[in-house]
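Containing mmCIF, C-alpha atoms and all ligand atoms: final.cif.
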data_start
loop_
_atom_site.group_PDB
_atom_site.id
_atom_site.type_symbol
_atom_site.label_atom_id
_atom_site.label_comp_id
_atom_site.auth_asym_id
_atom_site.auth_seq_id
_atom_site.Cartn_x
_atom_site.Cartn_y
_atom_site.Cartn_z
ATOM 1 C CA MET P 1 9.973 6.303 -2.204
ATOM 2 C CA ALA P 2 7.275 8.048 -4.159
ATOM 3 C CA GLY P 3 4.222 5.891 -4.543
ATOM 4 C CA ILE P 4 4.998 3.280 -1.878
ATOM 5 C CA SER P 5 2.070 4.403 0.237
ATOM 6 C CA ARG P 6 -0.379 3.971 -2.658
ATOM 7 C CA ALA P 7 1.234 0.700 -3.658
ATOM 8 C CA ILE P 8 1.010 -0.723 -0.139
ATOM 9 C CA ARG P 9 -2.604 0.369 0.055
ATOM 10 C CA ALA P 10 -3.290 -1.306 -3.281
ATOM 11 C CA CYS P 11 -1.832 -4.541 -1.949
ATOM 12 C CA ALA P 12 -3.861 -4.329 1.245
ATOM 13 C CA ALA P 13 -7.057 -3.548 -0.640
ATOM 14 C CA ALA P 14 -6.388 -6.563 -2.796
ATOM 15 C CA SER P 15 -6.316 -8.867 0.213
ATOM 16 C CA ARG P 16 -8.910 -11.129 -1.374
ATOM 17 C CA ARG P 17 -6.867 -11.409 -4.558
ATOM 18 C CA SER P 18 -3.575 -13.212 -4.808
ATOM 19 C CA LEU P 19 -0.457 -11.374 -3.751
ATOM 20 C CA ALA P 20 0.981 -11.663 -7.216
ATOM 21 C CA ALA P 21 -2.030 -9.830 -8.620
ATOM 22 C CA ALA P 22 -1.753 -7.248 -5.873
ATOM 23 C CA SER P 23 1.912 -6.646 -6.637
ATOM 24 C CA ALA P 24 1.117 -6.281 -10.305
ATOM 25 C CA ALA P 25 -1.445 -3.620 -9.356
ATOM 26 C CA ALA P 26 1.188 -1.739 -7.381
ATOM 27 C CA LEU P 27 3.264 1.057 -8.808
ATOM 28 C CA PRO P 28 6.658 0.187 -10.300
ATOM 29 C CA LYS P 29 9.422 -0.603 -7.856
ATOM 30 C CA GLU P 30 12.391 1.709 -7.537
ATOM 31 C CA ALA P 31 15.341 0.303 -9.440
ATOM 32 C CA PRO P 32 17.568 -1.708 -7.112
ATOM 33 C CA ALA P 33 21.235 -0.752 -6.907
ATOM 34 C CA ALA P 34 23.921 -3.334 -7.513
ATOM 35 C CA GLY P 35 25.140 -5.073 -4.387
ATOM 36 C CA VAL P 36 22.653 -3.538 -1.974
ATOM 37 C CA ARG P 37 22.634 -6.690 0.141
ATOM 38 C CA ALA P 38 25.983 -6.090 1.832
ATOM 39 C CA PRO P 39 25.942 -3.499 4.608
ATOM 40 C CA ALA P 40 28.863 -1.574 3.055
ATOM 41 C CA ALA P 41 27.068 -1.160 -0.237
ATOM 42 C CA ALA P 42 23.760 -0.552 1.504
ATOM 43 C CA THR P 43 25.138 2.434 3.330
ATOM 44 C CA GLY P 44 27.877 3.651 1.014
ATOM 45 C CA ARG P 45 30.686 6.045 1.816
ATOM 46 C CA LYS P 46 30.652 7.063 5.475
ATOM 47 C CA GLY P 47 27.287 5.342 5.703
ATOM 48 C CA ARG P 48 25.412 8.488 4.623
ATOM 49 C CA ASP P 49 23.902 7.485 1.292
ATOM 50 C CA ARG P 50 24.084 4.407 -0.837
ATOM 51 C CA GLU P 51 26.416 4.266 -3.793
ATOM 52 C CA ASP P 52 23.543 5.080 -6.176
ATOM 53 C CA GLY P 53 22.640 8.179 -4.147
ATOM 54 C CA ARG P 54 19.269 6.786 -3.010
ATOM 55 C CA ARG P 55 18.615 7.079 0.731
ATOM 56 C CA VAL P 56 18.569 3.855 2.721
ATOM 57 C CA GLN P 57 15.427 1.742 3.048
ATOM 58 C CA TRP P 58 16.021 -0.356 6.130
ATOM 59 C CA VAL P 59 13.917 -2.479 8.471
ATOM 60 C CA PHE P 60 14.516 -3.216 12.155
ATOM 61 C CA LEU P 61 13.421 -6.594 13.493
ATOM 62 C CA GLY P 62 13.654 -7.796 17.074
ATOM 63 C CA CYS P 63 11.596 -8.858 20.078
ATOM 64 C CA PRO P 64 9.631 -6.374 22.191
ATOM 65 C CA GLY P 65 12.008 -4.477 24.470
ATOM 66 C CA VAL P 66 15.149 -5.211 22.470
ATOM 67 C CA GLY P 67 15.729 -1.523 21.636
ATOM 68 C CA LYS P 68 14.521 -1.256 18.027
ATOM 69 C CA GLY P 69 13.145 2.226 18.672
ATOM 70 C CA THR P 70 16.331 3.482 20.325
ATOM 71 C CA TYR P 71 18.733 2.355 17.610
ATOM 72 C CA ALA P 72 16.369 3.024 14.684
ATOM 73 C CA SER P 73 15.870 6.581 15.914
ATOM 74 C CA ARG P 74 19.628 7.191 16.312
ATOM 75 C CA LEU P 75 20.341 5.812 12.847
ATOM 76 C CA SER P 76 17.539 7.852 11.298
ATOM 77 C CA GLN P 77 19.156 11.044 12.626
ATOM 78 C CA LEU P 78 22.580 9.951 11.453
ATOM 79 C CA LEU P 79 21.430 8.923 7.976
ATOM 80 C CA ASN P 80 18.841 11.697 7.631
ATOM 81 C CA VAL P 81 15.923 9.413 6.849
ATOM 82 C CA PRO P 82 12.608 9.191 8.704
ATOM 83 C CA HIS P 83 12.210 6.637 11.489
ATOM 84 C CA ILE P 84 8.775 5.137 11.010
ATOM 85 C CA ALA P 85 7.641 3.004 13.958
ATOM 86 C CA THR P 86 4.275 1.333 13.475
ATOM 87 C CA GLY P 87 3.988 1.037 17.285
ATOM 88 C CA ASP P 88 4.084 4.861 17.475
ATOM 89 C CA LEU P 89 1.433 5.124 14.753
ATOM 90 C CA VAL P 90 -0.722 2.711 16.734
ATOM 91 C CA ARG P 91 -0.230 4.688 19.963
ATOM 92 C CA ASP P 92 -1.223 7.921 18.168
ATOM 93 C CA ALA P 93 -4.380 6.191 16.922
ATOM 94 C CA LEU P 94 -5.055 4.881 20.441
ATOM 95 C CA ALA P 95 -4.818 8.408 21.828
ATOM 96 C CA ALA P 96 -7.526 9.716 19.489
ATOM 97 C CA PRO P 97 -11.023 9.522 20.991
ATOM 98 C CA GLY P 98 -13.714 7.373 19.367
ATOM 99 C CA PRO P 99 -14.757 3.784 18.704
ATOM 100 C CA PHE P 100 -11.729 3.009 16.493
ATOM 101 C CA SER P 101 -9.266 3.578 19.343
ATOM 102 C CA LYS P 102 -11.413 1.385 21.644
ATOM 103 C CA GLN P 103 -11.294 -1.367 19.040
ATOM 104 C CA LEU P 104 -7.486 -1.020 18.778
ATOM 105 C CA ALA P 105 -7.000 -0.973 22.566
ATOM 106 C CA GLU P 106 -8.838 -4.310 22.883
ATOM 107 C CA ILE P 107 -6.223 -5.913 20.642
ATOM 108 C CA VAL P 108 -3.027 -4.038 21.569
ATOM 109 C CA ASN P 109 -3.555 -4.192 25.328
ATOM 110 C CA HIS P 110 -3.861 -7.981 25.108
ATOM 111 C CA GLY P 111 -0.522 -8.256 23.322
ATOM 112 C CA LYS P 112 -2.042 -9.303 19.983
ATOM 113 C CA LEU P 113 -1.197 -8.010 16.523
ATOM 114 C CA LEU P 114 -3.560 -5.722 14.638
ATOM 115 C CA SER P 115 -4.865 -6.998 11.321
ATOM 116 C CA ASP P 116 -2.625 -6.442 8.305
ATOM 117 C CA GLU P 117 -5.338 -4.188 6.872
ATOM 118 C CA ILE P 118 -5.429 -1.849 9.886
ATOM 119 C CA ILE P 119 -1.650 -1.584 10.174
ATOM 120 C CA ILE P 120 -1.179 -1.042 6.440
ATOM 121 C CA ASN P 121 -3.762 1.739 6.489
ATOM 122 C CA LEU P 122 -1.902 3.474 9.324
ATOM 123 C CA LEU P 123 1.458 2.960 7.598
ATOM 124 C CA SER P 124 0.351 4.124 4.165
ATOM 125 C CA ARG P 125 -1.186 7.260 5.665
ATOM 126 C CA ARG P 126 2.157 8.010 7.349
ATOM 127 C CA LEU P 127 4.068 7.327 4.105
ATOM 128 C CA GLU P 128 1.699 9.625 2.191
ATOM 129 C CA GLU P 129 2.359 12.454 4.650
ATOM 130 C CA GLY P 130 6.096 11.839 4.220
ATOM 131 C CA GLU P 131 5.802 11.879 0.432
ATOM 132 C CA GLU P 132 4.015 15.230 0.603
ATOM 133 C CA LYS P 133 6.902 16.596 2.681
ATOM 134 C CA GLY P 134 9.455 15.185 0.238
ATOM 135 C CA GLU P 135 10.853 12.570 2.625
ATOM 136 C CA LEU P 136 13.346 10.148 1.099
ATOM 137 C CA GLY P 137 14.288 6.689 2.357
ATOM 138 C CA PHE P 138 13.142 5.253 5.701
ATOM 139 C CA ILE P 139 13.968 3.088 8.646
ATOM 140 C CA LEU P 140 10.957 0.957 9.471
ATOM 141 C CA ASP P 141 10.565 -0.309 13.021
ATOM 142 C CA GLY P 142 7.781 -2.747 13.894
ATOM 143 C CA PHE P 143 6.876 -3.517 10.276
ATOM 144 C CA PRO P 144 6.784 -6.100 8.764
ATOM 145 C CA ARG P 145 5.712 -8.361 11.599
ATOM 146 C CA THR P 146 4.119 -11.187 9.631
ATOM 147 C CA ILE P 147 5.154 -13.043 6.503
ATOM 148 C CA ARG P 148 2.212 -11.503 4.670
ATOM 149 C CA GLN P 149 3.326 -7.975 5.609
ATOM 150 C CA ALA P 150 6.873 -8.843 4.450
ATOM 151 C CA GLU P 151 5.536 -10.148 1.132
ATOM 152 C CA ILE P 152 3.478 -6.999 0.601
ATOM 153 C CA LEU P 153 6.466 -4.759 1.373
ATOM 154 C CA GLU P 154 8.735 -6.812 -0.879
ATOM 155 C CA GLY P 155 6.140 -6.448 -3.637
ATOM 156 C CA VAL P 156 6.134 -2.651 -3.563
ATOM 157 C CA THR P 157 9.684 -1.512 -2.826
ATOM 158 C CA ASP P 158 13.282 -2.611 -2.363
ATOM 159 C CA ILE P 159 14.424 -3.113 1.192
ATOM 160 C CA ASP P 160 18.221 -2.832 1.318
ATOM 161 C CA LEU P 161 18.927 -4.248 4.731
ATOM 162 C CA VAL P 162 17.130 -5.807 7.692
ATOM 163 C CA ILE P 163 18.806 -5.413 11.070
ATOM 164 C CA ASN P 164 17.789 -8.118 13.513
ATOM 165 C CA LEU P 165 18.561 -7.011 17.079
ATOM 166 C CA LYS P 166 18.978 -9.772 19.656
ATOM 167 C CA LEU P 167 19.036 -9.906 23.428
ATOM 168 C CA GLN P 168 18.451 -12.653 26.005
ATOM 169 C CA GLU P 169 14.761 -13.185 26.816
ATOM 170 C CA GLU P 170 15.358 -12.474 30.526
ATOM 171 C CA ALA P 171 16.659 -9.008 29.655
ATOM 172 C CA LEU P 172 13.765 -8.361 27.260
ATOM 173 C CA LEU P 173 11.109 -8.823 29.927
ATOM 174 C CA ALA P 174 12.997 -6.649 32.432
ATOM 175 C CA LYS P 175 13.506 -3.932 29.822
ATOM 176 C CA CYS P 176 9.810 -3.821 28.868
ATOM 177 C CA LEU P 177 8.744 -3.681 32.521
ATOM 178 C CA GLY P 178 11.277 -0.896 33.214
ATOM 179 C CA ARG P 179 10.193 1.273 30.276
ATOM 180 C CA ARG P 180 8.930 4.776 31.192
ATOM 181 C CA MET P 181 7.967 7.814 29.150
ATOM 182 C CA CYS P 182 7.709 11.436 30.250
ATOM 183 C CA SER P 183 4.101 12.523 29.621
ATOM 184 C CA GLN P 184 5.281 16.093 29.088
ATOM 185 C CA CYS P 185 8.435 15.999 26.944
ATOM 186 C CA GLY P 186 7.920 12.510 25.435
ATOM 187 C CA GLY P 187 11.423 11.380 26.503
ATOM 188 C CA ASN P 188 11.985 7.627 26.823
ATOM 189 C CA PHE P 189 13.684 6.182 29.900
ATOM 190 C CA ASN P 190 14.246 2.833 31.544
ATOM 191 C CA VAL P 191 14.402 2.215 35.271
ATOM 192 C CA ALA P 192 15.543 -1.425 34.971
ATOM 193 C CA SER P 193 19.064 -2.326 36.013
ATOM 194 C CA ILE P 194 19.984 -5.475 34.141
ATOM 195 C CA ASP P 195 22.875 -7.638 35.258
ATOM 196 C CA ILE P 196 22.584 -11.238 34.116
ATOM 197 C CA GLU P 197 24.836 -14.206 33.465
ATOM 198 C CA GLY P 198 25.842 -14.685 29.847
ATOM 199 C CA GLU P 199 24.155 -17.502 27.949
ATOM 200 C CA ASN P 200 26.218 -20.635 27.216
ATOM 201 C CA GLY P 201 29.250 -19.276 29.054
ATOM 202 C CA GLY P 202 29.072 -15.932 27.214
ATOM 203 C CA PRO P 203 30.041 -12.641 28.889
ATOM 204 C CA ARG P 204 27.892 -11.090 31.633
ATOM 205 C CA MET P 205 25.277 -8.670 30.346
ATOM 206 C CA TYR P 206 25.076 -5.355 32.144
ATOM 207 C CA MET P 207 22.646 -2.638 31.133
ATOM 208 C CA PRO P 208 22.443 0.276 33.541
ATOM 209 C CA PRO P 209 19.145 2.132 33.965
ATOM 210 C CA LEU P 210 18.512 5.170 31.787
ATOM 211 C CA LEU P 211 17.051 7.460 34.437
ATOM 212 C CA PRO P 212 14.961 10.573 33.727
ATOM 213 C CA PRO P 213 16.168 14.052 34.680
ATOM 214 C CA PRO P 214 14.565 15.472 37.884
ATOM 215 C CA GLN P 215 12.022 17.588 35.940
ATOM 216 C CA CYS P 216 10.531 14.436 34.339
ATOM 217 C CA GLU P 217 10.495 12.223 37.449
ATOM 218 C CA SER P 218 6.942 13.034 38.547
ATOM 219 C CA LYS P 219 5.546 12.812 35.009
ATOM 220 C CA LEU P 220 6.546 9.281 34.083
ATOM 221 C CA ILE P 221 3.985 6.997 32.494
ATOM 222 C CA THR P 222 4.070 3.316 31.551
ATOM 223 C CA ARG P 223 2.629 1.805 28.375
ATOM 224 C CA ALA P 224 -0.628 -0.069 29.039
ATOM 225 C CA ASP P 225 0.809 -3.099 27.190
ATOM 226 C CA ASP P 226 4.009 -3.220 29.294
ATOM 227 C CA THR P 227 2.595 -5.451 32.061
ATOM 228 C CA GLU P 228 4.236 -8.833 32.707
ATOM 229 C CA GLU P 229 1.299 -10.844 31.360
ATOM 230 C CA VAL P 230 0.999 -8.764 28.166
ATOM 231 C CA VAL P 231 4.769 -8.637 27.513
ATOM 232 C CA LYS P 232 4.914 -12.438 27.782
ATOM 233 C CA GLU P 233 2.080 -12.667 25.264
ATOM 234 C CA ARG P 234 3.849 -10.195 22.918
ATOM 235 C CA LEU P 235 7.011 -12.310 23.128
ATOM 236 C CA ARG P 236 4.982 -15.422 22.301
ATOM 237 C CA VAL P 237 3.348 -13.652 19.347
ATOM 238 C CA TYR P 238 6.802 -12.508 18.170
ATOM 239 C CA HIS P 239 8.142 -16.077 18.216
ATOM 240 C CA ASP P 240 5.046 -17.401 16.410
ATOM 241 C CA LEU P 241 4.409 -14.741 13.764
ATOM 242 C CA THR P 242 7.466 -12.488 13.437
ATOM 243 C CA GLU P 243 10.378 -14.907 13.787
ATOM 244 C CA PRO P 244 9.488 -16.445 10.384
ATOM 245 C CA VAL P 245 10.037 -12.945 8.915
ATOM 246 C CA GLU P 246 13.716 -13.234 9.968
ATOM 247 C CA GLU P 247 14.004 -16.348 7.799
ATOM 248 C CA PHE P 248 12.151 -14.571 4.947
ATOM 249 C CA TYR P 249 14.891 -11.924 4.799
ATOM 250 C CA ARG P 250 17.752 -14.333 5.620
ATOM 251 C CA ALA P 251 16.790 -16.366 2.551
ATOM 252 C CA ARG P 252 17.003 -13.153 0.476
ATOM 253 C CA GLY P 253 20.470 -12.308 1.837
ATOM 254 C CA LYS P 254 19.241 -9.120 3.527
ATOM 255 C CA LEU P 255 19.428 -10.052 7.219
ATOM 256 C CA LEU P 256 22.126 -8.619 9.464
ATOM 257 C CA GLU P 257 22.082 -10.328 12.889
ATOM 258 C CA PHE P 258 23.274 -8.121 15.719
ATOM 259 C CA ASN P 259 23.636 -9.406 19.299
ATOM 260 C CA LEU P 260 23.492 -6.408 21.600
ATOM 261 C CA PRO P 261 26.549 -6.586 23.853
ATOM 262 C CA GLY P 262 25.081 -4.342 26.619
ATOM 263 C CA GLY P 263 23.653 -0.849 27.060
ATOM 264 C CA ILE P 264 23.684 2.012 24.548
ATOM 265 C CA PRO P 265 27.280 3.256 25.153
ATOM 266 C CA GLU P 266 28.633 -0.224 24.475
ATOM 267 C CA SER P 267 26.241 -1.272 21.709
ATOM 268 C CA TRP P 268 25.936 1.871 19.557
ATOM 269 C CA PRO P 269 29.562 2.058 18.324
ATOM 270 C CA LYS P 270 29.537 -1.707 17.679
ATOM 271 C CA LEU P 271 26.329 -1.406 15.686
ATOM 272 C CA LEU P 272 27.826 1.382 13.569
ATOM 273 C CA GLU P 273 30.864 -0.812 12.988
ATOM 274 C CA ALA P 274 28.673 -3.759 11.961
ATOM 275 C CA LEU P 275 26.850 -1.453 9.550
ATOM 276 C CA ASN P 276 30.116 -0.190 8.154
ATOM 277 C CA ILE P 277 29.192 3.358 9.054
ATOM 278 C CA GLU P 278 32.500 5.067 9.551
ATOM 279 C CA GLY P 279 33.903 8.539 9.716
ATOM 280 C CA PRO P 280 34.749 11.354 12.104
ATOM 281 C CA ASP P 281 31.057 11.899 12.904
ATOM 282 C CA ASN P 282 30.894 8.480 14.568
ATOM 283 C CA GLU P 283 32.374 9.537 17.848
ATOM 284 C CA ARG P 284 30.131 12.578 18.119
ATOM 285 C CA SER P 285 26.950 10.596 17.568
ATOM 286 C CA ALA P 286 28.055 7.718 19.808
ATOM 287 C CA ALA P 287 28.545 10.139 22.649
ATOM 288 C CA ALA P 288 25.209 11.882 22.072
HETATM 289 N N1 LIG P 301 3.281 -4.409 11.935
HETATM 290 C C1 LIG P 301 2.326 -4.593 12.866
HETATM 291 N N2 LIG P 301 1.335 -5.492 12.668
HETATM 292 C C2 LIG P 301 0.353 -5.685 13.572
HETATM 293 N N3 LIG P 301 0.287 -5.020 14.749
HETATM 294 C C3 LIG P 301 1.248 -4.098 15.010
HETATM 295 C C4 LIG P 301 2.312 -3.829 14.083
HETATM 296 N N4 LIG P 301 3.111 -2.859 14.592
HETATM 297 C C5 LIG P 301 2.580 -2.542 15.788
HETATM 298 N N5 LIG P 301 1.467 -3.288 16.052
HETATM 299 C C6 LIG P 301 0.637 -3.235 17.272
HETATM 300 O O1 LIG P 301 1.135 -2.217 18.139
HETATM 301 C C7 LIG P 301 1.658 -2.795 19.353
HETATM 302 C C8 LIG P 301 2.853 -2.016 19.816
HETATM 303 O O2 LIG P 301 3.869 -2.071 18.834
HETATM 304 P P1 LIG P 301 5.403 -1.818 19.214
HETATM 305 O O3 LIG P 301 5.532 -0.552 19.978
HETATM 306 O O4 LIG P 301 6.187 -1.963 17.960
HETATM 307 O O5 LIG P 301 5.654 -3.032 20.206
HETATM 308 P P2 LIG P 301 6.917 -3.827 20.769
HETATM 309 O O6 LIG P 301 7.437 -3.009 21.911
HETATM 310 O O7 LIG P 301 6.209 -5.075 21.215
HETATM 311 O O8 LIG P 301 7.923 -4.076 19.687
HETATM 312 C C9 LIG P 301 1.920 -4.247 19.013
HETATM 313 O O9 LIG P 301 1.902 -5.105 20.155
HETATM 314 C C10 LIG P 301 0.744 -4.546 18.062
HETATM 315 O O10 LIG P 301 -0.463 -4.725 18.770
#
Starting from the file, lay out its structure as structure tokens.
Ligand SMILES: Nc1ncnc2c1ncn2[C@@H]1O[C@H](COP(=O)(O)OP(=O)(O)O)[C@@H](O)[C@H]1O
Amino acid sequence: MAGISRAIRACAAASRRSLAAASAAALPKEAPAAGVRAPAAATGRKGRDREDGRRVQWVFLGCPGVGKGTYASRLSQLLNVPHIATGDLVRDALAAPGPFSKQLAEIVNHGKLLSDEIIINLLSRRLEEGEEKGELGFILDGFPRTIRQAEILEGVTDIDLVINLKLQEEALLAKCLGRRMCSQCGGNFNVASIDIEGENGGPRMYMPPLLPPPQCESKLITRADDTEEVVKERLRVYHDLTEPVEEFYRARGKLLEFNLPGGIPESWPKLLEALNIEGPDNERSAAA
């Protein structure tokens, strides 16, 4: 993925020019492999590498609370590619003292999106660090979130596959409100117990809580943007600005829709199956 960071930055810097001009200013794209659209070809044998040997370049889409971070992080370990979550980059920036973090907090804590320029700066910095370390491939989570971001990404590299995770809206709100993080070890947990009727006569949805171990119990923190009012706003923003990105990738034959059937033990093996990731390692990672 050498050069993507610079190319994305070039596109962002060219925000006053047309996108076509910006893409022309970007570095050359990596050569696409034949048949990368289908999950089998996108992952290759045992889902480790693609058939052309290049590491996967995937994107996770899905509403707040759907579990993008959970599944993107598991797949990144399995496929040995970095999991790059723009939400994490934003939270790191928020944690740094100074006027910039105050400016970000005003936007993020109201459930709004940051400007394309800010988010692309954070992302390209992260990609640059990865390039210096020799990282290959990526699983992006939380980017792109607008059509413009998708166009910029499409202009600078080849995305093989976009996994669109789906869950009923009722479950999404409960999952966001139940989210907890250990301030010491950074572990992610969820105290919500979700048991709701299936939609349109579908099966019941049960997601048990993912409780912290005793040593983390007194150190749990909640994200400032995981209040009911802000989650509802984030869901509204998703429907308005990010849902069109699903169509952007559907039209390009890259979208894999995945309806989560329940909690992690139930959903993870089914996701691997949908991605055509097979092999003896499956069972080990599903149980992890
Ligand atoms: N690609 C992006 N474009 C604009 N803002 C972003 C982007 N990614 C993250 N953010 C900001 O960071 C916040 C947290 O992101 P994230 O953790 O991905 O949220 P969610 O749980 O809603 O999916 C978002 O609500 C938004 O303010």
- Selection result of the PyMOL selection byres (((chain P and resi 165-179) around 10) and not hetatm) on this file, as an MDAnalysis selection string: chainID P and resid 60:68 71 162:164 180:181 188:199 205:207 209:210 220:223 225:228 231:232 235 256:262 271
- Message: Quick check, in Å to one decimal: how far apart do atom CA of P:Leu127 and atom CA of P:Ser5 lie?
- Response: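 Taking atom CA of P:Leu127 and atom CA of P:Ser5, their separation equals 5.2 Å.
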Could you produce a table of the residues of chain P lying within 9 Å of ligand LIG 301 (chain P), with the nearest pair of atoms per residue and their separation in Å rounded to one decimal, using all atoms listed in the file, ordered by chain and increasing residue number, as JSON lines?
{"residue": "P:Leu61", "atom": "CA", "partner": "P:LIG301", "partner_atom": "O8", "distance": 8.7}
{"residue": "P:Gly62", "atom": "CA", "partner": "P:LIG301", "partner_atom": "O8", "distance": 7.3}
{"residue": "P:Cys63", "atom": "CA", "partner": "P:LIG301", "partner_atom": "O8", "distance": 6.0}
{"residue": "P:Pro64", "atom": "CA", "partner": "P:LIG301", "partner_atom": "O7", "distance": 3.8}
{"residue": "P:Gly65", "atom": "CA", "partner": "P:LIG301", "partner_atom": "O6", "distance": 5.4}
{"residue": "P:Val66", "atom": "CA", "partner": "P:LIG301", "partner_atom": "O8", "distance": 7.8}
{"residue": "P:Gly67", "atom": "CA", "partner": "P:LIG301", "partner_atom": "O6", "distance": 8.4}
{"residue": "P:Lys68", "atom": "CA", "partner": "P:LIG301", "partner_atom": "O8", "distance": 7.4}
{"residue": "P:Gly69", "atom": "CA", "partner": "P:LIG301", "partner_atom": "O4", "distance": 8.2}
{"residue": "P:Ala85", "atom": "CA", "partner": "P:LIG301", "partner_atom": "O4", "distance": 6.5}
{"residue": "P:Thr86", "atom": "CA", "partner": "P:LIG301", "partner_atom": "N4", "distance": 4.5}
{"residue": "P:Gly87", "atom": "CA", "partner": "P:LIG301", "partner_atom": "O2", "distance": 3.5}
{"residue": "P:Asp88", "atom": "CA", "partner": "P:LIG301", "partner_atom": "O3", "distance": 6.1}
{"residue": "P:Leu89", "atom": "CA", "partner": "P:LIG301", "partner_atom": "C5", "distance": 7.8}
{"residue": "P:Val90", "atom": "CA", "partner": "P:LIG301", "partner_atom": "O1", "distance": 5.5}
{"residue": "P:Arg91", "atom": "CA", "partner": "P:LIG301", "partner_atom": "O1", "distance": 7.3}
{"residue": "P:Leu104", "atom": "CA", "partner": "P:LIG301", "partner_atom": "O10", "distance": 7.9}
{"residue": "P:Ala105", "atom": "CA", "partner": "P:LIG301", "partner_atom": "O10", "distance": 8.4}
{"residue": "P:Ile107", "atom": "CA", "partner": "P:LIG301", "partner_atom": "O10", "distance": 6.2}
{"residue": "P:Val108", "atom": "CA", "partner": "P:LIG301", "partner_atom": "O10", "distance": 3.9}
{"residue": "P:Asn109", "atom": "CA", "partner": "P:LIG301", "partner_atom": "O10", "distance": 7.3}
{"residue": "P:His110", "atom": "CA", "partner": "P:LIG301", "partner_atom": "O10", "distance": 7.9}
{"residue": "P:Gly111", "atom": "CA", "partner": "P:LIG301", "partner_atom": "O9", "distance": 5.1}
{"residue": "P:Lys112", "atom": "CA", "partner": "P:LIG301", "partner_atom": "O10", "distance": 5.0}
{"residue": "P:Leu113", "atom": "CA", "partner": "P:LIG301", "partner_atom": "N3", "distance": 3.8}
{"residue": "P:Leu114", "atom": "CA", "partner": "P:LIG301", "partner_atom": "N3", "distance": 3.9}
{"residue": "P:Ser115", "atom": "CA", "partner": "P:LIG301", "partner_atom": "C2", "distance": 5.8}
{"residue": "P:Asp116", "atom": "CA", "partner": "P:LIG301", "partner_atom": "N2", "distance": 6.0}
{"residue": "P:Glu117", "atom": "CA", "partner": "P:LIG301", "partner_atom": "C2", "distance": 8.9}
{"residue": "P:Ile118", "atom": "CA", "partner": "P:LIG301", "partner_atom": "C2", "distance": 7.9}
{"residue": "P:Ile119", "atom": "CA", "partner": "P:LIG301", "partner_atom": "N2", "distance": 5.5}
{"residue": "P:Ile120", "atom": "CA", "partner": "P:LIG301", "partner_atom": "N1", "distance": 7.8}
{"residue": "P:Leu123", "atom": "CA", "partner": "P:LIG301", "partner_atom": "N1", "distance": 8.7}
{"residue": "P:Asp141", "atom": "CA", "partner": "P:LIG301", "partner_atom": "O4", "distance": 6.8}
{"residue": "P:Gly142", "atom": "CA", "partner": "P:LIG301", "partner_atom": "O4", "distance": 4.4}
{"residue": "P:Phe143", "atom": "CA", "partner": "P:LIG301", "partner_atom": "N1", "distance": 4.1}
{"residue": "P:Pro144", "atom": "CA", "partner": "P:LIG301", "partner_atom": "N1", "distance": 5.0}
{"residue": "P:Arg145", "atom": "CA", "partner": "P:LIG301", "partner_atom": "N1", "distance": 4.7}
{"residue": "P:Thr146", "atom": "CA", "partner": "P:LIG301", "partner_atom": "N2", "distance": 7.0}
{"residue": "P:Gln149", "atom": "CA", "partner": "P:LIG301", "partner_atom": "N1", "distance": 7.3}
{"residue": "P:Cys176", "atom": "CA", "partner": "P:LIG301", "partner_atom": "O6", "distance": 7.4}
{"residue": "P:Asp225", "atom": "CA", "partner": "P:LIG301", "partner_atom": "O9", "distance": 7.4}
{"residue": "P:Asp226", "atom": "CA", "partner": "P:LIG301", "partner_atom": "O6", "distance": 8.1}
{"residue": "P:Val230", "atom": "CA", "partner": "P:LIG301", "partner_atom": "O9", "distance": 8.9}
{"residue": "P:Val231", "atom": "CA", "partner": "P:LIG301", "partner_atom": "O7", "distance": 7.4}
{"residue": "P:Arg234", "atom": "CA", "partner": "P:LIG301", "partner_atom": "O7", "distance": 5.9}
{"residue": "P:Leu235", "atom": "CA", "partner": "P:LIG301", "partner_atom": "O7", "distance": 7.5}
{"residue": "P:Val237", "atom": "CA", "partner": "P:LIG301", "partner_atom": "O9", "distance": 8.7}
{"residue": "P:Tyr238", "atom": "CA", "partner": "P:LIG301", "partner_atom": "O7", "distance": 8.1}
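With all atoms listed in the file as the atoms that count, the residue of P:Gly137, P:Pro212, P:Pro244, P:Gly155 with the shortest distance to P:Cys185 is P:Pro212.
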- Query: Please, which residues are within 9 Å of (20.0, 5.3, 21.3) by the file's coordinates, counting all atoms listed in the file, and could they come as an NGL selection string?
  - Reply: :P and (67 or 69-75 or 264-265 or 268 or 286 or 288)
- Message: Taking only C-alpha atoms into account, name the residue in P:Asp240, P:Glu233, P:Glu266, P:Asp160 that is nearest to P:Pro208.
- Response: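 Smallest separation from P:Pro208 among the options: P:Glu266.
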- Kindly indicate which residue among P:Ile277, P:Gly3, P:Phe248, P:Ile84 lies nearest to P:Glu132, using all atoms listed in the file for the distances.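 Ranked by minimum distance to P:Glu132, first place goes to P:Gly3.
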- Task: Give me, please, the distance in Å between atom CA of P:Asn276 and atom CA of P:Arg250, quoted to one decimal.
- Result: 19.0 Å
- Task: Give the answer as one residue: which of P:Val245, P:Leu136, P:Ala95, P:Leu122 has the shortest atom-to-atom distance to P:Pro82, using only C-alpha atoms?
- Result: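 So, comparing all the options, the nearest one is P:Leu136.
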- Using only C-alpha atoms, which of the listed residues (P:Asp158, P:Ile4, P:Asp92, P:Phe100) sits closest to P:Gly130?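 Checking each of P:Asp158, P:Ile4, P:Asp92, P:Phe100 against P:Gly130, counting only C-alpha atoms, the winner is P:Ile4.
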- Task: Take atom CA of P:Leu211 and atom CA of P:Val81 and report the distance between them in Å, one decimal.
- Result: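 It comes out at 27.7 Å.
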